[in-house]
Amino acid sequence: MNVRSEALKVAPSVLTTHLIDLASASVRDLNTALHALKHDTNETAWRVIHPRGRHAVAVGIDAPISVEIDGNVGYYCGGMNKLATVLVNGNAGVGVAENIMSGFVHVKGDASQAAGATGCGGFLLIDGNASARCGISMKGVDIVVKGSVGHMSAFMAQAGTLTVLGDAGESLGDSIYEARLYVRGSVTSLGADCIEKEMRDEHKAQLHEKLAAAGLAGEVDVSDFKRYGSARTLYHFHVDNVSSY
Amino acid sequence: MNDVPKIPRTVPRKSATFDDYTLSEIRRAAATGIYDIRGGGAKRKLPHFDDLLFLGASISRYPLEGYRERCGTEVVLGTRFAKKPIHLKIPITIAGMSFGSLSGPAKEALGRGASAMGTSTTTGDGGMTPEERGHSSLLVYQYLPSRYGMNPDDLRKADAIEVVVGQGAKPGGGGMLLGQKISPRVAKMRTLPEGIDQRSACRHPDWTGPDDLEIKIEELREITDWEKPIYVKVGAARPYYDTALAVKSGADVVVVDGMQGGTAATQEVFIENVGLPTLAAVRQCVQALQDLDMHRKVQLIVSGGIRNGADVAKALALGADAVSIGTAALVALGDNDPHYEAEYEALGTVAGAYDDWHEGRDPAGITTQDPELMKRLDPVLAGRRLANYLAVMTLEAQTIARACGKSHVHNLEPEDLVALTIEAAAMARVPLAGTDWIPGLTKGL
């Protein structure tokens with residue numbers, strides 16, 4: 001495995017960053033090294049270069065570390081993350097941070113489909129746009145997208161929040177359960193059982209908290225957003241609702 | 001007064017098309033406006049393993065002595081990529097059934113019974129429970145479209161991972177766990193409000209085809225450090241292509257579930273009208289593996305209506321490496337037991353036909369979350385019953401294998417079989433009994 005440590009130029013001298021070059025090391029090497037870390041590890045700073053769109057980069061981490069990836073990644077980067085901060089200095093492919101449990105995944109560029117899919121906790125921040133089905137089946141993750149999201153985003157979303165500073169595509173929140181959706185821009189259309197809801201103080205407070213966590217405190221006005229959620233009319237199957245299916 | 005000859009009355013004749021069941025279903029639909037939802041697998045008569053017979057040894061083949069000469073039953077699953085393949089003592093596993101659909105004691109009993117016989121159990125929609133992990137020496141963790149309760153810690157605790165694409169009762173369909181069974185614990189595990197109907201997704205949310213599946217499997221392997229065997233489970237519909245694509249996607253094991261395979265709850269019309277019978281699927285799966293030169297390298301598990309050792313032996317003879325049982329395992333625990341006949345009648349059914357598992361009122365305490373009903377199932381006793389049943393199935397399969405001259409149940413082969421019907425001969429690709437005619441393959445004598 002081609003792993004080396006180098007002194008961080010900007011960090012205290014006691015802190016070293018472990019560098020993994022995916023031009024010579026494999027994804028297996030990377031994940032093996034990350035999985036070996038314990039919760040009390042001192043090896044908290046990791047940097048990955050030349051990812052070149054590889055899949056499954058930095059998946060299944062279960063330690064409070066920081067992994068910075070310089071370049072674009074393929075599918076499922078940061079998948080099932082626990083505790084770690086994963087920063088992608090590039091674009092992310094399908095399913096970035098899928099089923100994230102905790103920690104923080106930050107994509108500086110754009111994300112492809114199913115970003116944050118089934119995420120159970122933690123925070124996913126996408127500086128650019130996210131494609132279709134962002135937050136599909138989300139189960140507690142908080143997602144903030146500074147750009148826009150594609151169609152069928154938050155499909156069957158169960159819990160958590162999806163905050164979109166840009167626009168949302170067709171059928172936002174289709175078949176949504178208890179997740180909360182905040183959108184600043186336009187929404188092409190709402191999906192089945194998804195409605196615009198009143199933005200009460202508690203929601204403004206929650207939105208402010210999520211925006212602050214995304215580093216946007218004071219930059220964005222929460223009153224610019226509309227809230228969407230479940231009408232709860234489809235929570236029990238009934239023949240009178242058959243036209244909704 | 002003239003006597004008018006009486007015209008003999010025609011005996012009342014019910015329609016074969018509009019039989020009593022069909023009429024009752026029309027009336028039920030008219031009254032409720034919703035399709036019938038039930039548990040279990042297809043109940044209609046289907047070509048099945050009963051339509052095959054073994055050719056015991058005589059002169060051209062030499063049998064082995066029963067109870068004296070060894071006939072092996074062990075099977076290893078996951079020899080393709082996994083660092084830690086699963087070693088089973090018998091070629092019969094317990095199929096995936098969810099906590100939520102089943103009670104906690106029922107899951108415990110399955111674990112106890114399977115572990116006693118050296119085989120595995122499987123989780124289901126809703127995640128892994130400590131009771132299940134604690135009582136199953138070998139546990140397969142299902143990775144389902146709903147991703148209810150999906151947790152990387154549980155992935156790492158599992159002995160294998162089964163990526164569920166579909167199941168035999170409903171290929172292409174999702175599930176519906178009605179609100180009656182959504183206890184606080186079940187609701188919490190699934191991150192949904194209590195008491196609402198829960199739809200299980202019909203497709204995986206973050207991949208859309210075989211190329212994506214390959215990448216998904218790679219992710220699961222990376223997360224678990226390539227230790228666990230990865231199964232891919234499909235409902236029998238296009239088994240040749242689905243098997244080939246599962247192999248292409250990197251599966252260690254392919255699981256094919258025929259339409260006799262059960263479900264916790266889905267539409268009756270779906271259960272009875274979608275998919276292929278188990279018998280029709282096996283040889284297509286085996287053919288795909290053989291065409292790819294992966295037979296016995298990627299293992300094949302067959303499920304859907306497996307009931308006894310003869311079914312096991314026939315599935316293995318057709319090329320499977322192991323079988324899985326679900327409904328039969330529940331019956332072994334005590335499901336549909338005549339002991340509760342009066343209570344089944346009170347529910348409008350009879351013992352042996354009860355399938356409204358989604359309603360949560362199972363008198364046997366198996367397919368329920370009702371605390372009082374759950375107490376009825378003693379997991380220790382029920383586990384022993386399951387172990388006994390698995391032992392009997394294994395002994396039966398060994399008996400047949402020895403009669404065919406095999407020192408291991410995996411040495412059974414299609415040449416040991418004939419079919420009783422043309423349909424079964426065509427599906428299983430074995431000769432019609434008394435001939436050498438395999439419809440579609442040979443001209444016969």
# chains A, B, ... in the order shown; residues from 1 in each chain; ligands from 1
call {"tool": "interface_residues", "arguments": {"of": "chain A", "to": "chain B", "cutoff": "6 Å", "atoms": "only C-alpha atoms", "output": "list in words"}}
result
Ala56, Val59, Gly60, Gly95, Ala114, Tyr235, His236 and Val239 of chain A
call {"tool": "select_by_dssp", "arguments": {"residues": "range 103-206 of chain B", "states": "helix (DSSP H, G or I)", "output": "ChimeraX atom specification"}}
result
/B:104-116,130-135,152-157,179-181,184-190
call {"tool": "atom_distance", "arguments": {"atom1": "CA of Val247 in chain B", "atom2": "CA of Val27 in chain A"}}
result
22.1 Å
call {"tool": "residues_around", "arguments": {"residues": "Val88 in chain A", "least_positions_apart": "4", "cutoff": "6 Å", "atoms": "only C-alpha atoms", "output": "list in words"}}
result
Ile69, Val107 and Lys108 of chain A
call {"tool": "write_last_selection", "arguments": {"atoms": "N, CA, C and O atoms", "output": "PDB file, in the first residue's frame"}}
result
ATOM      1  N   ILE A  69     -10.673  14.330  -0.143  1.00  0.00           N
ATOM      2  CA  ILE A  69     -10.436  13.655  -1.427  1.00  0.00           C
ATOM      3  C   ILE A  69     -10.293  14.728  -2.499  1.00  0.00           C
ATOM      4  O   ILE A  69     -11.208  15.524  -2.722  1.00  0.00           O
ATOM      5  N   VAL A 107     -19.614  17.630  -0.509  1.00  0.00           N
ATOM      6  CA  VAL A 107     -19.218  17.574  -1.919  1.00  0.00           C
ATOM      7  C   VAL A 107     -19.090  19.008  -2.406  1.00  0.00           C
ATOM      8  O   VAL A 107     -20.065  19.762  -2.414  1.00  0.00           O
ATOM      9  N   LYS A 108     -17.904  19.378  -2.808  1.00  0.00           N
ATOM     10  CA  LYS A 108     -17.680  20.760  -3.265  1.00  0.00           C
ATOM     11  C   LYS A 108     -18.278  21.013  -4.644  1.00  0.00           C
ATOM     12  O   LYS A 108     -18.610  22.146  -4.986  1.00  0.00           O
TER      13      LYS A 108
END
call {"tool": "select_by_dssp", "arguments": {"residues": "range 212-269 of chain B", "states": "strand (DSSP E)", "output": "MDAnalysis selection string"}}
result
chainID B and resid 230:235 253:257 266:267
call {"tool": "write_last_selection", "arguments": {"atoms": "N, CA and C atoms", "output": "CSV table (one decimal), in the first residue's frame"}}
result
chain,number,residue,atom,x,y,z
B,230,ILE,N,-21.6,-12.7,-0.7
B,230,ILE,CA,-22.7,-11.8,-1.2
B,230,ILE,C,-23.6,-12.7,-2.0
B,231,TYR,N,-24.9,-12.8,-1.5
B,231,TYR,CA,-25.9,-13.5,-2.2
B,231,TYR,C,-26.7,-12.5,-3.0
B,232,VAL,N,-27.3,-12.9,-4.1
B,232,VAL,CA,-28.2,-12.1,-4.8
B,232,VAL,C,-29.5,-12.9,-5.0
B,233,LYS,N,-30.6,-12.4,-4.4
B,233,LYS,CA,-31.9,-13.2,-4.5
B,233,LYS,C,-32.8,-12.5,-5.5
B,234,VAL,N,-33.3,-13.4,-6.4
B,234,VAL,CA,-34.3,-12.9,-7.3
B,234,VAL,C,-35.6,-13.8,-7.3
B,235,GLY,N,-36.7,-13.2,-7.5
B,235,GLY,CA,-37.9,-13.9,-7.7
B,235,GLY,C,-37.9,-14.5,-9.1
B,253,VAL,N,-23.3,-16.1,-4.5
B,253,VAL,CA,-24.4,-17.1,-4.4
B,253,VAL,C,-25.6,-16.4,-5.1
B,254,VAL,N,-26.3,-17.2,-5.9
B,254,VAL,CA,-27.6,-16.8,-6.5
B,254,VAL,C,-28.7,-17.5,-5.8
B,255,VAL,N,-29.7,-16.8,-5.3
B,255,VAL,CA,-30.9,-17.4,-4.7
B,255,VAL,C,-32.0,-17.1,-5.6
B,256,VAL,N,-32.7,-18.2,-6.0
B,256,VAL,CA,-33.9,-18.1,-6.9
B,256,VAL,C,-35.1,-18.6,-6.1
B,257,ASP,N,-36.1,-17.8,-6.1
B,257,ASP,CA,-37.3,-18.1,-5.3
B,257,ASP,C,-38.5,-18.3,-6.3
B,266,THR,N,-48.9,-9.5,0.5
B,266,THR,CA,-49.0,-8.8,-0.7
B,266,THR,C,-50.3,-9.2,-1.4
B,267,GLN,N,-50.6,-8.6,-2.5
B,267,GLN,CA,-51.9,-8.8,-3.2
B,267,GLN,C,-52.0,-10.3,-3.7
call {"tool": "residues_around", "arguments": {"residues": "range 309-322 of chain B", "least_positions_apart": "3", "cutoff": "7 Å", "atoms": "only C-alpha atoms", "output": "ChimeraX atom specification"}}
result
/B:49,91-92,282-283,286,299-302,306,393-394,396-397,409-410,412-414
call {"tool": "write_last_selection", "arguments": {"atoms": "N, CA and C atoms", "output": "mmCIF file, in the first residue's frame"}}
result
data_model
loop_
_atom_site.group_PDB
_atom_site.id
_atom_site.type_symbol
_atom_site.label_atom_id
_atom_site.label_comp_id
_atom_site.auth_asym_id
_atom_site.auth_seq_id
_atom_site.Cartn_x
_atom_site.Cartn_y
_atom_site.Cartn_z
ATOM 1 N N PHE B 49 -42.121 -30.316 -7.754
ATOM 2 C CA PHE B 49 -41.221 -31.462 -7.594
ATOM 3 C C PHE B 49 -41.994 -32.768 -7.467
ATOM 4 N N PRO B 91 -27.790 -29.015 3.474
ATOM 5 C CA PRO B 91 -28.036 -28.109 2.345
ATOM 6 C C PRO B 91 -29.417 -27.457 2.412
ATOM 7 N N ILE B 92 -29.870 -27.198 3.614
ATOM 8 C CA ILE B 92 -31.196 -26.587 3.800
ATOM 9 C C ILE B 92 -31.010 -25.362 4.680
ATOM 10 N N VAL B 282 -35.423 -23.796 -11.904
ATOM 11 C CA VAL B 282 -34.136 -24.369 -11.465
ATOM 12 C C VAL B 282 -33.188 -24.622 -12.632
ATOM 13 N N ARG B 283 -33.702 -25.335 -13.650
ATOM 14 C CA ARG B 283 -32.777 -25.699 -14.742
ATOM 15 C C ARG B 283 -32.325 -24.486 -15.529
ATOM 16 N N VAL B 286 -29.451 -23.118 -13.573
ATOM 17 C CA VAL B 286 -28.293 -23.997 -13.724
ATOM 18 C C VAL B 286 -27.696 -23.830 -15.123
ATOM 19 N N GLN B 299 -22.602 -20.532 -6.127
ATOM 20 C CA GLN B 299 -23.563 -21.517 -5.641
ATOM 21 C C GLN B 299 -24.995 -21.037 -5.901
ATOM 22 N N LEU B 300 -25.868 -22.025 -6.046
ATOM 23 C CA LEU B 300 -27.283 -21.747 -6.321
ATOM 24 C C LEU B 300 -28.143 -22.277 -5.172
ATOM 25 N N ILE B 301 -28.952 -21.389 -4.608
ATOM 26 C CA ILE B 301 -29.931 -21.785 -3.590
ATOM 27 C C ILE B 301 -31.315 -21.656 -4.211
ATOM 28 N N VAL B 302 -32.111 -22.690 -4.054
ATOM 29 C CA VAL B 302 -33.453 -22.707 -4.627
ATOM 30 C C VAL B 302 -34.472 -22.706 -3.498
ATOM 31 N N ILE B 306 -40.470 -25.774 -0.913
ATOM 32 C CA ILE B 306 -39.704 -26.962 -0.499
ATOM 33 C C ILE B 306 -40.348 -27.502 0.780
ATOM 34 N N MET B 393 -35.796 -33.950 7.032
ATOM 35 C CA MET B 393 -35.589 -33.613 5.618
ATOM 36 C C MET B 393 -34.220 -34.091 5.137
ATOM 37 N N THR B 394 -33.221 -33.890 5.975
ATOM 38 C CA THR B 394 -31.859 -34.278 5.596
ATOM 39 C C THR B 394 -31.755 -35.793 5.458
ATOM 40 N N GLU B 396 -34.119 -37.852 4.798
ATOM 41 C CA GLU B 396 -34.868 -38.266 3.602
ATOM 42 C C GLU B 396 -34.043 -38.048 2.335
ATOM 43 N N ALA B 397 -33.400 -36.905 2.261
ATOM 44 C CA ALA B 397 -32.586 -36.615 1.070
ATOM 45 C C ALA B 397 -31.423 -37.600 0.975
ATOM 46 N N VAL B 409 -25.028 -35.806 -1.268
ATOM 47 C CA VAL B 409 -26.279 -35.380 -1.906
ATOM 48 C C VAL B 409 -26.018 -34.519 -3.145
ATOM 49 N N HIS B 410 -24.859 -33.877 -3.193
ATOM 50 C CA HIS B 410 -24.543 -33.063 -4.375
ATOM 51 C C HIS B 410 -24.199 -33.899 -5.595
ATOM 52 N N LEU B 412 -26.154 -36.151 -6.716
ATOM 53 C CA LEU B 412 -27.389 -36.386 -7.472
ATOM 54 C C LEU B 412 -27.347 -35.565 -8.757
ATOM 55 N N GLU B 413 -27.981 -36.095 -9.805
ATOM 56 C CA GLU B 413 -27.871 -35.444 -11.110
ATOM 57 C C GLU B 413 -29.186 -35.592 -11.862
ATOM 58 N N PRO B 414 -29.384 -34.820 -12.907
ATOM 59 C CA PRO B 414 -30.643 -34.917 -13.654
ATOM 60 C C PRO B 414 -30.917 -36.321 -14.177
#
call {"tool": "atom_distance", "arguments": {"atom1": "CA of Gly215 in chain A", "atom2": "CA of Arg184 in chain A"}}
result
16.6 Å
call {"tool": "residues_around", "arguments": {"residues": "Glu74 in chain B", "least_positions_apart": "4", "cutoff": "7 Å", "atoms": "only C-alpha atoms", "output": "NGL selection string"}}
result
:B and (88-91)
call {"tool": "write_last_selection", "arguments": {"atoms": "N, CA and C atoms", "output": "PDB file, in the first residue's frame"}}
result
ATOM      1  N   LEU B  88     -22.061 -24.951   5.871  1.00  0.00           N
ATOM      2  CA  LEU B  88     -23.300 -25.492   6.426  1.00  0.00           C
ATOM      3  C   LEU B  88     -23.187 -27.015   6.527  1.00  0.00           C
ATOM      4  N   LYS B  89     -23.801 -27.559   7.576  1.00  0.00           N
ATOM      5  CA  LYS B  89     -23.765 -29.021   7.725  1.00  0.00           C
ATOM      6  C   LYS B  89     -24.824 -29.692   6.869  1.00  0.00           C
ATOM      7  N   ILE B  90     -25.869 -28.952   6.540  1.00  0.00           N
ATOM      8  CA  ILE B  90     -26.941 -29.509   5.714  1.00  0.00           C
ATOM      9  C   ILE B  90     -27.261 -28.518   4.591  1.00  0.00           C
ATOM     10  N   PRO B  91     -27.790 -29.015   3.474  1.00  0.00           N
ATOM     11  CA  PRO B  91     -28.036 -28.109   2.345  1.00  0.00           C
ATOM     12  C   PRO B  91     -29.417 -27.457   2.412  1.00  0.00           C
TER      13      PRO B  91
END
call {"tool": "residues_around", "arguments": {"residues": "range 51-59 of chain B", "least_positions_apart": "6", "cutoff": "6 Å", "atoms": "only C-alpha atoms", "output": "list of chain:residue names"}}
result
B:Ala403, B:Cys404, B:Asp416, B:Leu417, B:Val418, B:Ala419, B:Leu420
call {"tool": "atom_distance", "arguments": {"atom1": "CA of Val164 in chain A", "atom2": "CA of Gly74 in chain A"}}
result
22.8 Å
call {"tool": "residues_around", "arguments": {"residues": "Phe123 in chain A", "least_positions_apart": "4", "cutoff": "12 Å", "atoms": "only C-alpha atoms", "output": "MDAnalysis selection string"}}
result
chainID A and resid 78 80:87 96:107 115:116 119 135 138:145 160:163 209:214
call {"tool": "closest_residue", "arguments": {"among": "A:Arg52, A:Lys38, A:His18, A:His208", "to": "Asp70 in chain A", "atoms": "only C-alpha atoms"}}
result
A:Arg52
call {"tool": "closest_residue", "arguments": {"among": "B:Gly118, B:Gly166, B:Pro439, B:Pro379", "to": "Leu333 in chain B", "atoms": "only C-alpha atoms"}}
result
B:Pro379
call {"tool": "closest_residue", "arguments": {"among": "B:Ala106, B:Ala433, B:Leu213, B:Ala280", "to": "Gly250 in chain B", "atoms": "only C-alpha atoms"}}
result
B:Leu213
call {"tool": "decode", "arguments": {"residues": "range 76-93 of chain B", "atoms": "N, CA and C atoms", "output": "PDB file, in the first residue's frame"}}
result
ATOM      1  N   VAL B  76     -20.664 -25.623   1.130  1.00  0.00           N
ATOM      2  CA  VAL B  76     -19.933 -24.372   1.371  1.00  0.00           C
ATOM      3  C   VAL B  76     -20.468 -23.327   0.400  1.00  0.00           C
ATOM      4  N   LEU B  77     -20.856 -22.183   0.954  1.00  0.00           N
ATOM      5  CA  LEU B  77     -21.429 -21.109   0.142  1.00  0.00           C
ATOM      6  C   LEU B  77     -20.510 -19.903   0.177  1.00  0.00           C
ATOM      7  N   GLY B  78     -20.224 -19.364  -0.987  1.00  0.00           N
ATOM      8  CA  GLY B  78     -19.421 -18.143  -1.034  1.00  0.00           C
ATOM      9  C   GLY B  78     -17.960 -18.405  -1.305  1.00  0.00           C
ATOM     10  N   THR B  79     -17.680 -19.341  -2.195  1.00  0.00           N
ATOM     11  CA  THR B  79     -16.291 -19.707  -2.479  1.00  0.00           C
ATOM     12  C   THR B  79     -15.674 -18.854  -3.585  1.00  0.00           C
ATOM     13  N   ARG B  80     -16.460 -17.969  -4.167  1.00  0.00           N
ATOM     14  CA  ARG B  80     -15.953 -17.223  -5.332  1.00  0.00           C
ATOM     15  C   ARG B  80     -15.030 -16.072  -4.916  1.00  0.00           C
ATOM     16  N   PHE B  81     -15.522 -15.219  -4.022  1.00  0.00           N
ATOM     17  CA  PHE B  81     -14.750 -14.028  -3.642  1.00  0.00           C
ATOM     18  C   PHE B  81     -14.556 -13.877  -2.135  1.00  0.00           C
ATOM     19  N   ALA B  82     -15.480 -14.419  -1.361  1.00  0.00           N
ATOM     20  CA  ALA B  82     -15.493 -14.107   0.070  1.00  0.00           C
ATOM     21  C   ALA B  82     -14.315 -14.742   0.799  1.00  0.00           C
ATOM     22  N   LYS B  83     -13.717 -13.952   1.713  1.00  0.00           N
ATOM     23  CA  LYS B  83     -12.633 -14.502   2.530  1.00  0.00           C
ATOM     24  C   LYS B  83     -13.167 -15.530   3.515  1.00  0.00           C
ATOM     25  N   LYS B  84     -14.425 -15.367   3.921  1.00  0.00           N
ATOM     26  CA  LYS B  84     -14.993 -16.270   4.923  1.00  0.00           C
ATOM     27  C   LYS B  84     -16.271 -16.907   4.380  1.00  0.00           C
ATOM     28  N   PRO B  85     -16.138 -17.942   3.555  1.00  0.00           N
ATOM     29  CA  PRO B  85     -17.345 -18.629   3.063  1.00  0.00           C
ATOM     30  C   PRO B  85     -18.125 -19.243   4.217  1.00  0.00           C
ATOM     31  N   ILE B  86     -19.378 -19.525   3.968  1.00  0.00           N
ATOM     32  CA  ILE B  86     -20.235 -20.137   4.991  1.00  0.00           C
ATOM     33  C   ILE B  86     -20.196 -21.659   4.837  1.00  0.00           C
ATOM     34  N   HIS B  87     -19.950 -22.334   5.929  1.00  0.00           N
ATOM     35  CA  HIS B  87     -19.938 -23.799   5.926  1.00  0.00           C
ATOM     36  C   HIS B  87     -21.203 -24.288   6.623  1.00  0.00           C
ATOM     37  N   LEU B  88     -22.061 -24.951   5.871  1.00  0.00           N
ATOM     38  CA  LEU B  88     -23.300 -25.492   6.426  1.00  0.00           C
ATOM     39  C   LEU B  88     -23.187 -27.015   6.527  1.00  0.00           C
ATOM     40  N   LYS B  89     -23.801 -27.559   7.576  1.00  0.00           N
ATOM     41  CA  LYS B  89     -23.765 -29.021   7.725  1.00  0.00           C
ATOM     42  C   LYS B  89     -24.824 -29.692   6.869  1.00  0.00           C
ATOM     43  N   ILE B  90     -25.869 -28.952   6.540  1.00  0.00           N
ATOM     44  CA  ILE B  90     -26.941 -29.509   5.714  1.00  0.00           C
ATOM     45  C   ILE B  90     -27.261 -28.518   4.591  1.00  0.00           C
ATOM     46  N   PRO B  91     -27.790 -29.015   3.474  1.00  0.00           N
ATOM     47  CA  PRO B  91     -28.036 -28.109   2.345  1.00  0.00           C
ATOM     48  C   PRO B  91     -29.417 -27.457   2.412  1.00  0.00           C
ATOM     49  N   ILE B  92     -29.870 -27.198   3.614  1.00  0.00           N
ATOM     50  CA  ILE B  92     -31.196 -26.587   3.800  1.00  0.00           C
ATOM     51  C   ILE B  92     -31.010 -25.362   4.680  1.00  0.00           C
ATOM     52  N   THR B  93     -31.385 -24.199   4.198  1.00  0.00           N
ATOM     53  CA  THR B  93     -31.250 -22.972   4.980  1.00  0.00           C
ATOM     54  C   THR B  93     -32.631 -22.404   5.266  1.00  0.00           C
TER      55      THR B  93
END
